[in-house]
Amino acid sequence: QVQLVESGGGLVQAGGSLRLSCTASGIIFRINAMGWYRQAPGKQRELVAVIRRDGSTDYADSVKGRFTISRDNAKNTVYLQMNSLKPEDTAVYYCNVNVPLFDYWGQGTQVTVSS
C-alpha cells in the first residue's frame with residue numbers, strides 16, 4: 001500500500017519560515033521525481049518545486065530565491081524549505097511522487113501566512 005506522509009504545515013507570519021516534508025512508502029517502481037504543488041482557494045493547483053532523481057530542480061517563478069527543495073533518495077523523502085513567506089503563499093501544499101506512467105499524491109498540508 002502506497003503512503004505519502006506529509007508534515008510541517010501551519011500558521012506563520014509574513015517573513016517567517018516553514019519546512020515541509022513528505023515521506024513515500026510502499027512504492028515499488030523507480031521514482032523519477034518528487035515535488036510540491038499548491039492550491040489556493042478558487043485557484044488551480046500549481047507546481048511549486050520539483051526535484052528529479054539526478055538532483056536537478058525546477059521552481060515556480062513566484063518562489064525562486066525563497067524556497068528550496070531537497071531530497072533524500074534513501075529515505076524516499078522530499079523537503080521544501082520555505083523562507084520569506086508571503087500571504088500569497090497561503091494554500092494547501094501537496095506532495096507529488098512521479099513514477100513511470102503514474103503520479104502519487106499526498107493528502108495535502110495547509111500553509112497559512114498572515115500579514
# chains A, B, ... in the order shown; residues from 1 in each chain; ligands from 1
$ residues_around --residues "Thr112 in chain A" --least-positions-apart "4" --cutoff "7 Å" --atoms "only C-alpha atoms" --output "list of chain:residue names"
A:Gly10, A:Leu11, A:Val12, A:Thr90, A:Ala91
$ residues_around --residues "range 14-19 of chain A" --least-positions-apart "5" --cutoff "10 Å" --atoms "only C-alpha atoms" --output "ChimeraX atom specification"
/A:7-9,66-69,79-89,111-115
$ write_last_selection --atoms "N, CA, C and O atoms" --output "mmCIF file, in the first residue's frame"
data_model
loop_
_atom_site.group_PDB
_atom_site.id
_atom_site.type_symbol
_atom_site.label_atom_id
_atom_site.label_comp_id
_atom_site.auth_asym_id
_atom_site.auth_seq_id
_atom_site.Cartn_x
_atom_site.Cartn_y
_atom_site.Cartn_z
ATOM 1 N N SER A 7 4.177 16.490 6.393
ATOM 2 C CA SER A 7 4.180 17.192 7.676
ATOM 3 C C SER A 7 4.829 18.556 7.502
ATOM 4 O O SER A 7 5.518 18.799 6.496
ATOM 5 N N GLY A 8 4.604 19.421 8.473
ATOM 6 C CA GLY A 8 5.308 20.696 8.503
ATOM 7 C C GLY A 8 4.480 21.919 8.187
ATOM 8 O O GLY A 8 4.976 23.042 8.296
ATOM 9 N N GLY A 9 3.244 21.746 7.790
ATOM 10 C CA GLY A 9 2.417 22.918 7.513
ATOM 11 C C GLY A 9 2.029 23.629 8.795
ATOM 12 O O GLY A 9 2.304 23.168 9.899
ATOM 13 N N ARG A 66 13.361 31.977 -2.643
ATOM 14 C CA ARG A 66 12.771 31.897 -1.293
ATOM 15 C C ARG A 66 12.586 30.458 -0.829
ATOM 16 O O ARG A 66 12.709 30.162 0.356
ATOM 17 N N PHE A 67 12.258 29.576 -1.751
ATOM 18 C CA PHE A 67 12.010 28.167 -1.422
ATOM 19 C C PHE A 67 13.169 27.304 -1.935
ATOM 20 O O PHE A 67 13.742 27.590 -2.989
ATOM 21 N N THR A 68 13.438 26.241 -1.191
ATOM 22 C CA THR A 68 14.455 25.291 -1.603
ATOM 23 C C THR A 68 13.920 23.877 -1.437
ATOM 24 O O THR A 68 13.460 23.509 -0.347
ATOM 25 N N ILE A 69 13.990 23.107 -2.499
ATOM 26 C CA ILE A 69 13.567 21.712 -2.439
ATOM 27 C C ILE A 69 14.797 20.827 -2.336
ATOM 28 O O ILE A 69 15.831 21.105 -2.944
ATOM 29 N N TYR A 79 11.821 17.393 0.847
ATOM 30 C CA TYR A 79 11.653 18.511 1.756
ATOM 31 C C TYR A 79 11.427 19.796 0.952
ATOM 32 O O TYR A 79 11.929 19.935 -0.161
ATOM 33 N N LEU A 80 10.722 20.717 1.557
ATOM 34 C CA LEU A 80 10.565 22.047 0.968
ATOM 35 C C LEU A 80 10.799 23.072 2.070
ATOM 36 O O LEU A 80 9.970 23.212 2.975
ATOM 37 N N GLN A 81 11.925 23.732 1.988
ATOM 38 C CA GLN A 81 12.236 24.804 2.923
ATOM 39 C C GLN A 81 11.669 26.097 2.353
ATOM 40 O O GLN A 81 12.046 26.503 1.242
ATOM 41 N N MET A 82 10.788 26.711 3.104
ATOM 42 C CA MET A 82 10.116 27.924 2.636
ATOM 43 C C MET A 82 10.508 29.092 3.532
ATOM 44 O O MET A 82 10.187 29.085 4.732
ATOM 45 N N ASN A 83 11.201 30.044 2.966
ATOM 46 C CA ASN A 83 11.632 31.238 3.695
ATOM 47 C C ASN A 83 10.953 32.480 3.126
ATOM 48 O O ASN A 83 10.422 32.452 2.017
ATOM 49 N N SER A 84 11.005 33.548 3.892
ATOM 50 C CA SER A 84 10.419 34.829 3.456
ATOM 51 C C SER A 84 8.998 34.633 2.945
ATOM 52 O O SER A 84 8.634 35.116 1.872
ATOM 53 N N LEU A 85 8.217 33.932 3.719
ATOM 54 C CA LEU A 85 6.859 33.605 3.283
ATOM 55 C C LEU A 85 6.003 34.846 3.160
ATOM 56 O O LEU A 85 6.146 35.815 3.925
ATOM 57 N N LYS A 86 5.111 34.802 2.179
ATOM 58 C CA LYS A 86 4.208 35.904 1.895
ATOM 59 C C LYS A 86 2.763 35.431 2.036
ATOM 60 O O LYS A 86 2.487 34.230 1.870
ATOM 61 N N PRO A 87 1.836 36.343 2.286
ATOM 62 C CA PRO A 87 0.427 35.925 2.373
ATOM 63 C C PRO A 87 -0.051 35.186 1.129
ATOM 64 O O PRO A 87 -0.879 34.263 1.234
ATOM 65 N N GLU A 88 0.490 35.535 -0.035
ATOM 66 C CA GLU A 88 0.066 34.863 -1.269
ATOM 67 C C GLU A 88 0.595 33.439 -1.375
ATOM 68 O O GLU A 88 0.246 32.720 -2.307
ATOM 69 N N ASP A 89 1.443 33.016 -0.435
ATOM 70 C CA ASP A 89 1.873 31.620 -0.383
ATOM 71 C C ASP A 89 0.852 30.738 0.327
ATOM 72 O O ASP A 89 0.999 29.513 0.355
ATOM 73 N N VAL A 111 -0.831 25.516 4.585
ATOM 74 C CA VAL A 111 0.128 26.568 4.944
ATOM 75 C C VAL A 111 -0.628 27.893 4.908
ATOM 76 O O VAL A 111 -1.213 28.248 3.881
ATOM 77 N N THR A 112 -0.622 28.596 6.016
ATOM 78 C CA THR A 112 -1.296 29.877 6.108
ATOM 79 C C THR A 112 -0.302 30.938 6.553
ATOM 80 O O THR A 112 0.356 30.770 7.590
ATOM 81 N N VAL A 113 -0.188 31.989 5.761
ATOM 82 C CA VAL A 113 0.743 33.079 6.061
ATOM 83 C C VAL A 113 -0.081 34.324 6.358
ATOM 84 O O VAL A 113 -0.812 34.808 5.494
ATOM 85 N N SER A 114 0.046 34.826 7.564
ATOM 86 C CA SER A 114 -0.710 36.014 7.961
ATOM 87 C C SER A 114 0.099 37.276 7.694
ATOM 88 O O SER A 114 1.331 37.275 7.790
ATOM 89 N N SER A 115 -0.606 38.340 7.364
ATOM 90 C CA SER A 115 0.077 39.605 7.051
ATOM 91 C C SER A 115 0.281 40.454 8.288
ATOM 92 O O SER A 115 -0.225 40.167 9.350
#
$ closest_atom_pairs --of "range 58-99 of chain A" --to "range 24-46 of chain A" --cutoff "6 Å" --atoms "only C-alpha atoms" --output "CSV"
residue,atom,partner,partner_atom,distance
A:Asn76,CA,A:Ala24,CA,5.5
A:Ala91,CA,A:Ala40,CA,4.3
A:Val92,CA,A:Gln39,CA,5.3
A:Tyr93,CA,A:Arg38,CA,4.2
A:Tyr94,CA,A:Tyr37,CA,5.1
A:Cys95,CA,A:Trp36,CA,4.7
A:Asn96,CA,A:Gly35,CA,5.1
A:Val97,CA,A:Met34,CA,4.6
A:Asn98,CA,A:Ala33,CA,5.2
A:Val99,CA,A:Ile31,CA,4.8
$ closest_residue --among "A:Val63, A:Leu101, A:Ala74, A:Val5" --to "Cys22 in chain A" --atoms "only C-alpha atoms"
A:Val5
$ select_by_dssp --residues "chain A" --states "strand (DSSP E)" --output "number ranges by chain"
A: 3-7, 10-13, 18-25, 33-39, 46-52, 57-59, 67-72, 77-82, 91-99, 102-105, 109-114
$ atom_distance --atom1 "CA of Val48 in chain A" --atom2 "CA of Gln1 in chain A"
26.4 Å
$ closest_residue --among "A:Gln3, A:Thr77, A:Ser70, A:Ser21" --to "Thr57 in chain A" --atoms "only C-alpha atoms"
A:Ser70
$ atom_distance --atom1 "CA of Ser62 in chain A" --atom2 "CA of Asp103 in chain A"
23.8 Å
$ atom_distance --atom1 "CA of Gly65 in chain A" --atom2 "CA of Gly108 in chain A"
23.3 Å
